[in-house]
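**Student:** Coordinates in data.txt, compact mmCIF, C-alpha atoms, are listed below.
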```txt
# COMPACT_ATOMS: atom_id res chain seq x y z
CA MET A 71 -40.10 -12.61 82.65
CA SER A 72 -37.46 -14.03 80.32
CA ALA A 73 -38.35 -11.44 77.65
CA LEU A 74 -37.77 -8.66 80.17
CA ILE A 75 -34.46 -10.09 81.38
CA ASN A 76 -33.24 -10.58 77.81
CA ALA A 77 -34.18 -6.98 77.01
CA CYS A 78 -32.39 -5.69 80.12
CA THR A 79 -29.25 -7.70 79.32
CA THR A 80 -29.16 -6.15 75.84
CA ARG A 81 -29.72 -2.67 77.27
CA ARG A 82 -26.83 -3.00 79.72
CA ALA A 83 -24.53 -4.07 76.88
CA ASN A 84 -25.73 -1.17 74.74
CA LEU A 85 -25.17 1.32 77.54
CA ALA A 86 -21.62 0.08 78.13
CA ALA A 87 -20.89 0.34 74.40
CA ARG A 88 -21.87 4.03 74.47
CA LEU A 89 -19.53 4.89 77.34
CA GLU A 90 -15.79 5.24 77.81
CA PRO A 91 -14.02 2.96 80.34
CA GLY A 92 -14.98 3.70 83.92
CA ILE A 93 -17.59 2.77 86.48
CA VAL A 94 -21.37 3.25 86.18
CA ILE A 95 -23.61 3.64 89.22
CA VAL A 96 -27.40 3.55 88.76
CA PRO A 97 -29.43 3.46 92.01
CA SER A 98 -33.07 2.47 92.30
CA SER A 99 -35.51 4.18 94.65
CA GLN A 100 -35.92 3.77 98.39
CA GLU A 101 -39.09 3.31 100.37
CA ILE A 102 -40.57 6.57 101.68
CA LEU A 103 -42.61 6.96 104.85
CA ARG A 104 -46.08 8.36 104.39
CA ASN A 105 -46.81 8.76 108.08
CA ALA A 106 -45.80 6.94 111.28
CA ASP A 107 -44.62 3.52 110.08
CA SER A 108 -46.74 3.42 106.92
CA HIS A 109 -44.99 3.76 103.57
CA TYR A 110 -46.09 5.15 100.24
CA PRO A 111 -46.47 2.38 97.66
CA PHE A 112 -42.96 1.63 96.42
CA ARG A 113 -42.12 2.46 92.82
CA PHE A 114 -38.68 1.50 91.47
CA GLY A 115 -36.41 4.03 89.77
CA SER A 116 -37.17 4.06 86.05
CA GLY A 117 -33.58 4.10 84.79
CA PHE A 118 -32.55 1.34 87.17
CA TYR A 119 -35.52 -0.84 86.20
CA TYR A 120 -34.87 -0.24 82.51
CA LEU A 121 -31.41 -1.77 82.92
CA THR A 122 -32.20 -4.53 85.43
CA GLY A 123 -35.88 -5.52 85.59
CA PHE A 124 -35.33 -5.73 89.36
CA THR A 125 -38.19 -4.30 91.45
CA GLU A 126 -37.04 -4.42 95.07
CA PRO A 127 -36.14 -1.22 96.94
CA ASP A 128 -32.64 -0.35 98.13
CA ALA A 129 -30.81 -1.69 95.10
CA VAL A 130 -27.96 -0.38 92.97
CA LEU A 131 -26.57 -1.43 89.59
CA VAL A 132 -22.84 -1.06 89.09
CA GLN A 133 -21.11 -1.55 85.76
CA VAL A 134 -17.33 -1.79 85.58
CA ILE A 135 -16.36 -0.97 82.01
CA SER A 136 -12.87 -1.69 80.70
CA LYS A 137 -11.60 -1.81 77.12
CA ASP A 138 -12.08 -5.55 76.81
CA GLN A 139 -14.90 -6.48 79.19
CA VAL A 140 -17.92 -5.28 81.17
CA GLN A 141 -18.85 -6.54 84.63
CA ASN A 142 -22.44 -6.05 85.82
CA ILE A 143 -22.89 -6.07 89.59
CA LEU A 144 -26.08 -5.78 91.64
CA PHE A 145 -26.28 -4.63 95.23
CA CYS A 146 -29.60 -5.53 96.86
CA ARG A 147 -31.19 -6.41 100.19
CA ALA A 148 -29.80 -9.51 101.85
CA LYS A 149 -31.93 -12.60 102.19
CA ASP A 150 -33.72 -12.28 105.52
CA ILE A 151 -36.35 -14.87 106.48
CA GLU A 152 -37.45 -12.85 109.51
CA ARG A 153 -38.19 -9.76 107.39
CA GLU A 154 -39.87 -11.91 104.73
CA ILE A 155 -42.43 -12.98 107.33
CA TRP A 156 -43.42 -9.32 107.69
CA ASP A 157 -42.74 -7.81 104.27
CA GLY A 158 -42.74 -10.62 101.73
CA TYR A 159 -40.25 -12.43 99.55
CA ARG A 160 -36.75 -11.14 98.84
CA PHE A 161 -34.51 -12.51 96.14
CA GLY A 162 -31.26 -11.93 97.99
CA PRO A 163 -27.95 -11.50 96.13
CA ALA A 164 -27.43 -15.13 95.06
CA ALA A 165 -30.88 -15.63 93.50
CA ALA A 166 -30.89 -12.14 92.01
CA ALA A 167 -27.58 -12.71 90.25
CA GLU A 168 -28.79 -15.99 88.79
CA GLN A 169 -32.30 -14.95 87.75
CA PHE A 170 -31.54 -11.44 86.49
CA GLY A 171 -28.27 -12.19 84.72
CA PHE A 172 -25.68 -10.31 86.77
CA ASP A 173 -22.02 -11.27 86.95
CA ALA A 174 -22.06 -10.77 90.71
CA ALA A 175 -24.38 -9.56 93.47
CA TYR A 176 -23.75 -8.43 97.04
CA PRO A 177 -25.79 -7.23 100.02
CA ILE A 178 -26.57 -3.53 99.92
CA GLU A 179 -24.88 -3.18 103.30
CA GLU A 180 -21.53 -3.88 101.58
CA LEU A 181 -21.94 -1.09 99.03
CA ASP A 182 -19.71 1.51 100.73
CA MET A 183 -16.92 -0.96 101.45
CA ARG A 184 -16.88 -2.48 97.96
CA MET A 185 -17.31 0.78 96.04
CA ALA A 186 -14.33 2.34 97.79
CA LYS A 187 -12.34 -0.45 96.15
CA LEU A 188 -14.17 -0.69 92.82
CA ILE A 189 -13.60 2.96 91.93
CA GLN A 190 -9.86 2.72 92.56
CA ASN A 191 -7.82 3.44 89.41
CA GLN A 192 -10.95 4.09 87.39
CA PRO A 193 -10.71 7.13 85.08
CA ARG A 194 -14.33 8.26 85.42
CA ILE A 195 -17.61 7.73 87.27
CA TYR A 196 -21.00 7.81 85.54
CA TYR A 197 -24.10 8.27 87.70
CA PRO A 198 -27.29 10.42 87.80
CA LEU A 199 -25.32 13.55 88.66
CA ALA A 200 -27.03 16.01 91.03
CA LYS A 201 -30.30 14.09 90.96
CA GLU A 202 -30.29 13.21 94.67
CA MET A 203 -28.12 14.94 97.26
CA ARG A 204 -27.72 11.73 99.27
CA TRP A 205 -26.00 10.03 96.33
CA ASP A 206 -23.80 13.04 95.57
CA ARG A 207 -22.61 13.01 99.17
CA ARG A 208 -22.10 9.26 99.22
CA ILE A 209 -20.03 9.16 96.05
CA ASN A 210 -17.97 12.12 97.26
CA ARG A 211 -17.14 10.14 100.40
CA TRP A 212 -15.93 7.23 98.27
CA LEU A 213 -13.77 9.60 96.26
CA SER A 214 -12.35 11.13 99.42
CA ASP A 215 -11.43 7.69 100.74
CA VAL A 216 -9.66 6.74 97.52
CA ARG A 217 -7.80 10.04 97.28
CA GLY A 218 -6.44 9.32 100.73
CA LEU A 219 -4.61 6.33 99.23
CA ALA A 220 -2.65 8.41 96.72
CA ARG A 221 0.71 7.70 98.38
CA THR A 222 0.15 3.98 97.91
CA GLY A 223 -0.07 4.45 94.15
CA VAL A 224 -3.87 4.29 93.94
CA SER A 225 -5.58 6.90 91.76
CA ALA A 226 -9.11 8.26 92.03
CA PRO A 227 -11.48 9.02 89.14
CA THR A 228 -10.94 12.53 87.76
CA MET A 229 -14.18 12.81 85.79
CA MET A 230 -17.76 12.75 87.05
CA LEU A 231 -20.26 12.35 84.20
CA ASP A 232 -24.06 12.12 84.11
CA VAL A 233 -25.04 8.64 82.96
CA ARG A 234 -28.45 10.00 81.95
CA ALA A 235 -26.95 11.63 78.86
CA ALA A 236 -26.58 8.16 77.35
CA LEU A 237 -29.32 6.34 79.25
CA ASP A 238 -32.08 8.82 78.42
CA GLU A 239 -31.27 8.64 74.71
CA MET A 240 -31.53 4.86 74.87
CA ARG A 241 -34.88 5.02 76.66
CA LEU A 242 -36.24 7.41 74.03
CA ILE A 243 -36.29 4.64 71.41
CA LYS A 244 -38.58 1.84 72.62
CA ASP A 245 -37.59 -1.76 71.93
CA GLU A 246 -40.01 -4.52 70.94
CA TYR A 247 -40.64 -5.55 74.54
CA GLU A 248 -41.51 -2.00 75.57
CA VAL A 249 -43.87 -1.44 72.65
CA GLY A 250 -45.77 -4.59 73.60
CA ILE A 251 -46.23 -3.37 77.17
CA LEU A 252 -47.25 0.12 76.00
CA ARG A 253 -49.92 -1.42 73.76
CA GLN A 254 -51.23 -3.39 76.73
CA ALA A 255 -51.35 -0.28 78.93
CA ALA A 256 -53.13 1.64 76.17
CA LYS A 257 -55.75 -1.10 75.83
CA ILE A 258 -56.48 -1.16 79.56
CA ASN A 259 -56.69 2.62 79.73
CA THR A 260 -58.99 2.76 76.71
CA GLN A 261 -61.46 0.39 78.38
CA ALA A 262 -61.37 2.43 81.59
CA HIS A 263 -62.20 5.65 79.73
CA ILE A 264 -65.08 3.92 77.95
CA ARG A 265 -66.35 2.74 81.33
CA ALA A 266 -66.25 6.34 82.57
CA MET A 267 -68.31 7.52 79.59
CA GLN A 268 -70.89 4.82 80.23
CA PHE A 269 -71.08 5.58 83.96
CA ALA A 270 -71.08 9.38 84.16
CA LYS A 271 -74.32 11.29 84.55
CA PRO A 272 -75.55 14.55 86.10
CA GLY A 273 -75.65 14.66 89.89
CA GLN A 274 -72.66 12.39 90.46
CA MET A 275 -69.43 13.51 92.10
CA GLU A 276 -66.25 13.69 90.07
CA TYR A 277 -64.58 11.22 92.41
CA GLN A 278 -67.27 8.65 91.70
CA VAL A 279 -66.22 8.65 88.05
CA GLU A 280 -62.58 8.50 89.13
CA ALA A 281 -63.42 5.42 91.21
CA GLU A 282 -64.83 3.69 88.13
CA ILE A 283 -61.62 4.37 86.21
CA LEU A 284 -59.37 3.09 89.00
CA HIS A 285 -61.60 0.05 89.46
CA ASP A 286 -61.22 -0.81 85.79
CA TYR A 287 -57.43 -0.44 85.98
CA TYR A 288 -57.23 -2.94 88.83
CA ARG A 289 -59.80 -5.24 87.25
CA GLN A 290 -57.70 -5.50 84.09
CA GLY A 291 -54.38 -6.03 85.84
CA SER A 292 -52.91 -2.56 86.17
CA ARG A 293 -51.90 -2.19 89.80
CA SER A 294 -51.38 1.56 89.75
CA PRO A 295 -52.37 4.74 87.95
CA ALA A 296 -49.45 6.33 86.11
CA TYR A 297 -50.25 9.72 87.68
CA ASN A 298 -52.96 11.43 89.70
CA SER A 299 -56.16 11.41 87.66
CA ILE A 300 -57.81 14.64 86.50
CA VAL A 301 -61.60 14.35 86.54
CA ALA A 302 -62.74 17.90 85.91
CA SER A 303 -66.32 19.01 85.24
CA GLY A 304 -67.69 22.40 84.30
CA ALA A 305 -65.32 25.28 85.12
CA ASN A 306 -62.81 22.78 86.52
CA SER A 307 -62.15 21.57 82.97
CA CYS A 308 -60.30 24.85 82.38
CA VAL A 309 -57.81 24.08 85.19
CA LEU A 310 -54.96 22.22 83.50
CA HIS A 311 -53.77 20.26 86.54
CA TYR A 312 -57.01 20.09 88.46
CA GLY A 313 -56.80 17.34 91.06
CA GLU A 314 -59.46 17.76 93.74
CA ASN A 315 -62.02 15.67 91.83
CA ASN A 316 -64.64 16.53 94.43
CA ALA A 317 -67.23 18.67 92.62
CA ARG A 318 -70.75 17.64 91.74
CA MET A 319 -71.33 17.26 87.99
CA ASN A 320 -74.23 19.29 86.67
CA ASP A 321 -76.52 18.81 83.71
CA GLY A 322 -74.91 20.70 80.81
CA ASP A 323 -71.35 20.35 82.11
CA LEU A 324 -68.49 18.95 80.09
CA LEU A 325 -66.32 16.39 81.88
CA LEU A 326 -62.61 16.34 81.05
CA ILE A 327 -60.84 13.15 82.16
CA ASP A 328 -57.04 12.94 81.94
CA ALA A 329 -56.15 9.54 83.38
CA GLY A 330 -53.56 6.87 82.77
CA CYS A 331 -52.63 3.45 84.05
CA GLU A 332 -49.25 1.82 84.56
CA VAL A 333 -48.44 -1.71 83.37
CA ALA A 334 -45.09 -3.33 84.23
CA GLY A 335 -43.74 0.16 84.85
CA TYR A 336 -44.95 1.67 81.57
CA ALA A 337 -47.55 4.42 81.30
CA SER A 338 -50.60 5.16 79.24
CA ASP A 339 -51.96 8.71 79.12
CA ILE A 340 -55.40 9.44 77.62
CA THR A 341 -57.60 12.53 77.83
CA ARG A 342 -61.20 12.56 76.69
CA THR A 343 -63.83 15.26 77.10
CA PHE A 344 -67.57 14.60 76.90
CA PRO A 345 -70.89 16.06 78.11
CA VAL A 346 -72.13 14.69 81.41
CA ASN A 347 -75.66 14.43 80.05
CA GLY A 348 -74.54 12.64 76.88
CA LYS A 349 -75.29 15.43 74.40
CA PHE A 350 -72.99 18.24 73.26
CA SER A 351 -74.55 21.70 73.23
CA PRO A 352 -74.02 23.75 70.03
CA ALA A 353 -71.22 25.78 71.65
CA GLN A 354 -69.57 22.69 73.11
CA ARG A 355 -69.84 20.95 69.74
CA ALA A 356 -68.19 23.87 67.92
CA VAL A 357 -65.21 24.03 70.30
CA TYR A 358 -64.86 20.26 70.37
CA GLU A 359 -64.78 19.94 66.57
CA ILE A 360 -62.00 22.55 66.38
CA THR A 361 -59.97 20.72 69.03
CA LEU A 362 -60.42 17.38 67.30
CA ALA A 363 -59.39 18.92 63.96
CA ALA A 364 -56.29 20.32 65.67
CA GLN A 365 -55.37 16.85 66.93
CA GLU A 366 -55.92 15.34 63.49
CA ALA A 367 -53.60 17.96 61.98
CA ALA A 368 -51.00 17.21 64.63
CA LEU A 369 -51.20 13.47 64.01
CA ALA A 370 -50.79 13.98 60.26
CA SER A 371 -47.44 15.68 60.89
CA ILE A 372 -45.95 12.69 62.76
CA TYR A 373 -43.53 10.48 60.84
CA ALA A 374 -39.87 9.52 61.03
CA GLY A 375 -37.86 12.54 59.91
CA SER A 376 -40.43 15.12 60.96
CA THR A 377 -39.51 17.38 63.88
CA TRP A 378 -40.70 17.29 67.46
CA ASN A 379 -42.39 20.67 67.15
CA ALA A 380 -44.31 19.88 63.94
CA PRO A 381 -47.40 18.48 65.75
CA HIS A 382 -47.52 21.52 68.03
CA ASP A 383 -47.25 23.96 65.14
CA ALA A 384 -49.95 22.12 63.20
CA ALA A 385 -52.36 21.96 66.14
CA THR A 386 -51.77 25.58 67.15
CA ARG A 387 -52.53 26.81 63.65
CA VAL A 388 -55.88 24.99 63.57
CA LEU A 389 -56.80 26.13 67.08
CA ALA A 390 -55.90 29.76 66.36
CA GLN A 391 -58.04 29.77 63.20
CA GLY A 392 -60.87 28.24 65.22
CA MET A 393 -60.62 31.00 67.81
CA LEU A 394 -60.95 33.54 65.02
CA ASP A 395 -63.90 31.68 63.51
CA LEU A 396 -65.71 31.75 66.88
CA ASN A 397 -64.93 35.50 67.24
CA LEU A 398 -63.00 34.86 70.41
CA LEU A 399 -59.98 36.66 68.90
CA LYS A 400 -59.57 39.45 66.37
CA GLY A 401 -57.07 40.00 63.56
CA SER A 402 -55.46 37.71 61.01
CA LEU A 403 -54.20 34.19 61.60
CA ASP A 404 -50.61 35.34 61.18
CA GLU A 405 -51.14 38.12 63.73
CA VAL A 406 -52.66 35.73 66.25
CA LEU A 407 -49.75 33.31 65.84
CA GLU A 408 -47.09 36.04 65.94
CA THR A 409 -48.47 37.81 69.02
CA GLU A 410 -49.39 34.47 70.65
CA SER A 411 -52.78 35.89 71.63
CA TYR A 412 -54.11 32.33 71.18
CA LYS A 413 -52.46 31.51 74.52
CA GLN A 414 -55.51 32.97 76.26
CA PHE A 415 -57.24 29.73 75.28
CA TYR A 416 -54.35 27.33 74.56
CA MET A 417 -51.36 27.75 76.82
CA HIS A 418 -49.55 24.38 76.90
CA ARG A 419 -47.54 22.25 74.51
CA THR A 420 -49.14 19.58 72.33
CA GLY A 421 -47.36 16.56 73.80
CA HIS A 422 -44.50 14.96 75.66
CA TRP A 423 -42.40 11.80 75.50
CA MET A 424 -43.96 8.79 77.21
CA GLY A 425 -42.63 5.45 78.46
CA LEU A 426 -41.50 4.32 81.90
CA ASP A 427 -42.34 7.83 83.08
CA VAL A 428 -45.55 9.42 81.87
CA HIS A 429 -43.45 12.50 81.11
CA ASP A 430 -40.57 10.41 79.88
CA CYS A 431 -36.92 11.30 79.50
CA GLY A 432 -35.23 12.49 76.30
CA ALA A 433 -34.13 15.86 74.95
CA TYR A 434 -36.59 17.81 72.82
CA LYS A 435 -33.88 19.86 71.13
CA ILE A 436 -30.44 18.89 69.80
CA ASP A 437 -27.89 21.70 69.45
CA GLY A 438 -30.68 24.23 69.77
CA GLU A 439 -32.85 22.70 67.05
CA TRP A 440 -36.05 20.70 67.49
CA ARG A 441 -35.02 17.05 67.23
CA LYS A 442 -36.20 14.84 64.43
CA LEU A 443 -38.69 12.09 65.20
CA ALA A 444 -37.47 8.52 64.74
CA ALA A 445 -39.14 5.12 64.65
CA GLY A 446 -39.60 3.78 68.18
CA MET A 447 -40.28 7.10 69.87
CA VAL A 448 -43.56 7.35 71.80
CA LEU A 449 -45.25 10.68 72.43
CA THR A 450 -48.61 12.06 73.43
CA VAL A 451 -50.65 14.33 71.16
CA GLU A 452 -52.94 16.51 73.28
CA PRO A 453 -54.20 19.85 71.97
CA GLY A 454 -56.63 21.72 74.19
CA PHE A 455 -59.07 24.61 74.10
CA TYR A 456 -59.91 26.28 77.45
CA ILE A 457 -62.36 29.18 77.60
CA ARG A 458 -62.49 30.94 80.94
CA PRO A 459 -64.93 33.82 81.44
CA ALA A 460 -63.48 37.07 80.07
CA ALA A 461 -64.63 40.29 78.43
CA ASN A 462 -64.07 38.85 74.94
CA VAL A 463 -65.89 35.56 75.68
CA PRO A 464 -69.62 35.17 74.82
CA LYS A 465 -71.68 33.63 77.61
CA GLU A 466 -72.38 30.38 75.74
CA PHE A 467 -68.63 29.58 75.54
CA GLU A 468 -67.78 30.25 79.19
CA ASN A 469 -66.17 27.38 81.14
CA ILE A 470 -65.82 25.09 78.13
CA GLY A 471 -62.55 23.21 78.59
CA ILE A 472 -61.60 20.51 76.11
CA ARG A 473 -58.50 18.36 75.71
CA ILE A 474 -58.12 15.31 73.47
CA GLU A 475 -55.04 13.17 74.05
CA ASP A 476 -53.71 9.97 72.51
CA ASP A 477 -50.50 7.95 72.81
CA VAL A 478 -48.59 7.64 69.54
CA LEU A 479 -45.73 5.38 68.42
CA VAL A 480 -43.58 6.78 65.61
CA THR A 481 -43.03 4.14 62.91
CA ALA A 482 -40.80 3.97 59.85
CA ASP A 483 -43.65 5.00 57.57
CA GLY A 484 -45.79 7.20 59.85
CA TYR A 485 -47.30 6.47 63.24
CA GLU A 486 -49.42 4.03 65.22
CA ASN A 487 -52.05 5.53 67.50
CA LEU A 488 -51.89 3.18 70.48
CA THR A 489 -55.13 4.57 71.93
CA ALA A 490 -57.11 4.89 68.71
CA ALA A 491 -59.82 2.56 70.07
CA CYS A 492 -60.80 5.12 72.70
CA PRO A 493 -63.84 6.97 71.26
CA LYS A 494 -63.33 10.64 70.46
CA THR A 495 -65.69 11.69 67.67
CA ILE A 496 -68.87 13.38 68.79
CA ALA A 497 -70.98 10.68 67.14
CA ASP A 498 -69.10 7.85 68.87
CA ILE A 499 -69.14 9.51 72.27
CA GLU A 500 -72.86 10.31 72.14
CA ALA A 501 -73.65 6.77 70.94
CA ILE A 502 -71.71 5.17 73.82
CA MET A 503 -73.33 7.44 76.39
CA ALA A 504 -76.80 6.75 74.95
CA LYS A 505 -76.34 3.06 75.81
```
What does this structure look like when you write it as structure tokens?

**Tutor:**
Amino acid sequence: MSALINACTTRRANLAARLEPGIVIVPSSQEILRNADSHYPFRFGSGFYYLTGFTEPDAVLVQVISKDQVQNILFCRAKDIEREIWDGYRFGPAAAAEQFGFDAAYPIEELDMRMAKLIQNQPRIYYPLAKEMRWDRRINRWLSDVRGLARTGVSAPTMMLDVRAALDEMRLIKDEYEVGILRQAAKINTQAHIRAMQFAKPGQMEYQVEAEILHDYYRQGSRSPAYNSIVASGANSCVLHYGENNARMNDGDLLLIDAGCEVAGYASDITRTFPVNGKFSPAQRAVYEITLAAQEAALASIYAGSTWNAPHDAATRVLAQGMLDLNLLKGSLDEVLETESYKQFYMHRTGHWMGLDVHDCGAYKIDGEWRKLAAGMVLTVEPGFYIRPAANVPKEFENIGIRIEDDVLVTADGYENLTAACPKTIADIEAIMAK
């Protein structure tokens, strides 16, 4: 835990150094009812956790930034032995301040009273602007209260700024602690996907394979998937966000699994596609080899100084040529790329940022231009090839849906594929399934 707290202390200092004097407000999440008195599993707010390491609900980080000092204040649930009997341990303000390195901590019930004083005479407020209506309303009430004191010589902040402009840029570059956790998540997820390959066979239900994946997450110490798993066989593999996972898998089907685990808040995101019966048909093999070549081209374009869109352009070019080679499209490669006719079979982007959120924060363009990749960024690389029945589609290619996705860390001299150990060549996949 000390490594996390040290990292969070450094992040808070770095955030304050990026901002002008004022007050910063970063709330965590609140518990949400699922039905009756049963809650959804609680998941802390990513930005709040990034700065604090604190995992209890109903908590707020406040930074008071002046020219010569920064005060870090936590508001959290009060110590309550009665509630701990029912719900489990609470740090309480005193222990939280000591163990998480805050200058002060107060019960969350005192937030309104103390904030109405803390924002007095501050030039600006930073918070996740317009993210949640309840916080917009609450901060507006504080401002209204302070403005009512104008005749006493008290001034109210005149600028409201989105703290995410600075915070998201910080989160885009992973520190050493984060990279270690991401490697751990990638390792767990890799083993779960291998388990799925070893388990799957014709006649099973998609959710039975999903159960094996989730079981392996828990067995290895991941307490939650990072997102709802996609376990899509046959025609379902051509549905990008398929989520029912309730079809029976037939002999001859491909099975596309897009599943990720979460470790200490950080995600892994892997997609693998393989034949349920353990052997690729000739048509499946042809489409798979094109998709894998597209991913290899995308990976080769990743290095510090390259642009965000380079992997997508590289993958799209290989996929489009493959569509021409299979006679799924007509014309020249340049025509297919210019008219975007390839989007019949490849309609999504080739990746996204990844970190505390599986679709992590960070701008993809700067001043209208694709941003340059830098060491410490983590992204997915996930080209796909989805062939739904259509007039221009030969029967043997119908309902072949393939996606291959890995998690990649940009390094100073290239990249590190965090999920490289997850099998993806045809030979490796067929060998694992044969066992």

**Student:** Ranking A:Val309, A:Leu252, A:Leu181, A:Ala491 by minimum distance to His418 in chain A and counting only C-alpha atoms, which one comes first?

**Tutor:**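 Of all the options, A:Val309 lies closest to His418 in chain A.
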
**Student:** With all atoms listed in the file as the basis for distance, which of A:Ala433, A:Val428, A:Val132, A:Val388 is at the shortest distance from Glu359 in chain A?

**Tutor:** A:Val388

**Student:** Grab the CA of Asp395 in chain A to CA of Glu500 in chain A distance for me, in Å with one decimal place.

**Tutor:**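 Spanning CA of Asp395 in chain A to CA of Glu500 in chain A is a straight-line distance of 24.7 Å.
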
**Student:** Using only C-alpha atoms, which protein or nucleic acid residues come within 10 Å of Ala501 in chain A? Drop anything in the same chain fewer than 5 positions from it, and give the result as JSON, numbers by chain.

**Tutor:** {"A": [268, 348, 349, 493, 495, 496]}

**Student:** One decimal, in Å: what's the spacing between CA of Ile95 in chain A and CA of Ala148 in chain A?

**Tutor:**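 Rounded to one decimal, the two atoms are 19.3 Å apart.
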
**Student:** For the point (-53.1, 16.0, 61.9) in file coordinates, what residues are within 12 Å, counting only C-alpha atoms? Give the answer as a CSV table (one decimal) with C-alpha atoms, in the coordinates of the input?

**Tutor:**
```
chain,number,residue,atom,x,y,z
A,360,ILE,CA,-62.0,22.6,66.4
A,361,THR,CA,-60.0,20.7,69.0
A,362,LEU,CA,-60.4,17.4,67.3
A,363,ALA,CA,-59.4,18.9,64.0
A,364,ALA,CA,-56.3,20.3,65.7
A,365,GLN,CA,-55.4,16.8,66.9
A,366,GLU,CA,-55.9,15.3,63.5
A,367,ALA,CA,-53.6,18.0,62.0
A,368,ALA,CA,-51.0,17.2,64.6
A,369,LEU,CA,-51.2,13.5,64.0
A,370,ALA,CA,-50.8,14.0,60.3
A,371,SER,CA,-47.4,15.7,60.9
A,372,ILE,CA,-46.0,12.7,62.8
A,373,TYR,CA,-43.5,10.5,60.8
A,380,ALA,CA,-44.3,19.9,63.9
A,381,PRO,CA,-47.4,18.5,65.8
A,382,HIS,CA,-47.5,21.5,68.0
A,383,ASP,CA,-47.2,24.0,65.1
A,384,ALA,CA,-50.0,22.1,63.2
A,385,ALA,CA,-52.4,22.0,66.1
A,386,THR,CA,-51.8,25.6,67.2
A,387,ARG,CA,-52.5,26.8,63.6
A,388,VAL,CA,-55.9,25.0,63.6
A,389,LEU,CA,-56.8,26.1,67.1
A,420,THR,CA,-49.1,19.6,72.3
A,451,VAL,CA,-50.6,14.3,71.2
A,452,GLU,CA,-52.9,16.5,73.3
A,453,PRO,CA,-54.2,19.8,72.0
A,484,GLY,CA,-45.8,7.2,59.8
A,485,TYR,CA,-47.3,6.5,63.2
A,487,ASN,CA,-52.0,5.5,67.5
```

**Student:** Please indicate the distance in Å from CA of Ser294 in chain A to CA of Asp339 in chain A, rounded to one decimal place.

**Tutor:**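 Distance between the two atoms: 12.8 Å.
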
**Student:** Around the point (-49.9, -4.2, 80.8), in the coordinates given by the file, pick out the residues reaching within 8 Å, counting only C-alpha atoms, and return them as a ChimeraX atom specification.

**Tutor:** /A:251-255,258,291-292,332-334,336

**Student:** Give me the residues within 8 Å of Ala390 in chain A as JSON, numbers by chain, counting all atoms listed in the file and dropping any in the same chain fewer than 2 places off.

**Tutor:** {"A": [386, 387, 388, 392, 393, 394, 403, 406, 407, 412]}

**Student:** Of the residues A:Gly335, A:Pro227, A:Gly432, A:Gly115, which is the one nearest to Glu248 in chain A, using all atoms listed in the file?

**Tutor:**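 Result for the nearest residue to Glu248 in chain A: A:Gly335.
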
**Student:** Which of these residues is nearest to His263 in chain A, using only C-alpha atoms: A:Cys78, A:Ala235, A:Val94, A:Cys331?

**Tutor:** A:Cys331

**Student:** So which one's closest to Gln133 in chain A, A:Ala266, A:Ala106, A:Val233, A:Ala200? Using only C-alpha atoms, please.

**Tutor:**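 Of all the options, A:Val233 lies closest to Gln133 in chain A.
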
**Student:** Put the listed atoms of range 198-215 of chain A in a box along x, y and z with 4 Å added on every side and give me the centre and edge lengths in Å to one decimal, as JSON.

**Tutor:**
```
{"center_x": -20.9, "center_y": 11.6, "center_z": 94.3, "size_x": 26.9, "size_y": 16.8, "size_z": 20.9}
```

**Student:** Between A:Val224, A:Leu426, A:Val478, A:Ala490, which residue has the minimum interatomic distance to Gln190 in chain A, considering all atoms listed in the file?

**Tutor:**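 So, comparing all the options, the nearest one is A:Val224.
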
**Student:** Which residues, written as a PyMOL selection string, have at least one atom at most 9 Å from Gln141 in chain A, with all atoms listed in the file counted and residues fewer than 5 positions away on the same chain left out?

**Tutor:** chain A and resi 132-136+172-174

**Student:** Excluding Asn191 in chain A and any residue of its chain fewer than 3 positions from it, enumerate the residues within 10 Å of it, using all atoms listed in the file, and give them as a PyMOL selection string.

**Tutor:** chain A and resi 92+187-188+194+216+223-228

**Student:** Could you get me a file of range 178-184 of chain A with N, CA and C atoms, as a PDB file, in the first residue's frame, taken from the block above?

**Tutor:**
```pdb
ATOM      1  N   ILE A 178     -17.843  13.652   6.004  1.00  0.00           N
ATOM      2  CA  ILE A 178     -18.495  14.109   4.784  1.00  0.00           C
ATOM      3  C   ILE A 178     -19.712  14.975   5.099  1.00  0.00           C
ATOM      4  N   GLU A 179     -20.295  14.772   6.258  1.00  0.00           N
ATOM      5  CA  GLU A 179     -21.453  15.585   6.655  1.00  0.00           C
ATOM      6  C   GLU A 179     -21.091  17.062   6.830  1.00  0.00           C
ATOM      7  N   GLU A 180     -19.817  17.369   7.008  1.00  0.00           N
ATOM      8  CA  GLU A 180     -19.384  18.760   7.196  1.00  0.00           C
ATOM      9  C   GLU A 180     -18.984  19.433   5.888  1.00  0.00           C
ATOM     10  N   LEU A 181     -19.144  18.728   4.774  1.00  0.00           N
ATOM     11  CA  LEU A 181     -18.652  19.254   3.503  1.00  0.00           C
ATOM     12  C   LEU A 181     -19.292  20.601   3.158  1.00  0.00           C
ATOM     13  N   ASP A 182     -20.621  20.704   3.200  1.00  0.00           N
ATOM     14  CA  ASP A 182     -21.283  21.942   2.802  1.00  0.00           C
ATOM     15  C   ASP A 182     -20.850  23.108   3.681  1.00  0.00           C
ATOM     16  N   MET A 183     -20.809  22.890   4.977  1.00  0.00           N
ATOM     17  CA  MET A 183     -20.446  23.959   5.898  1.00  0.00           C
ATOM     18  C   MET A 183     -19.010  24.427   5.670  1.00  0.00           C
ATOM     19  N   ARG A 184     -18.090  23.494   5.527  1.00  0.00           N
ATOM     20  CA  ARG A 184     -16.678  23.863   5.381  1.00  0.00           C
ATOM     21  C   ARG A 184     -16.371  24.423   3.994  1.00  0.00           C
TER      22      ARG A 184
END
```
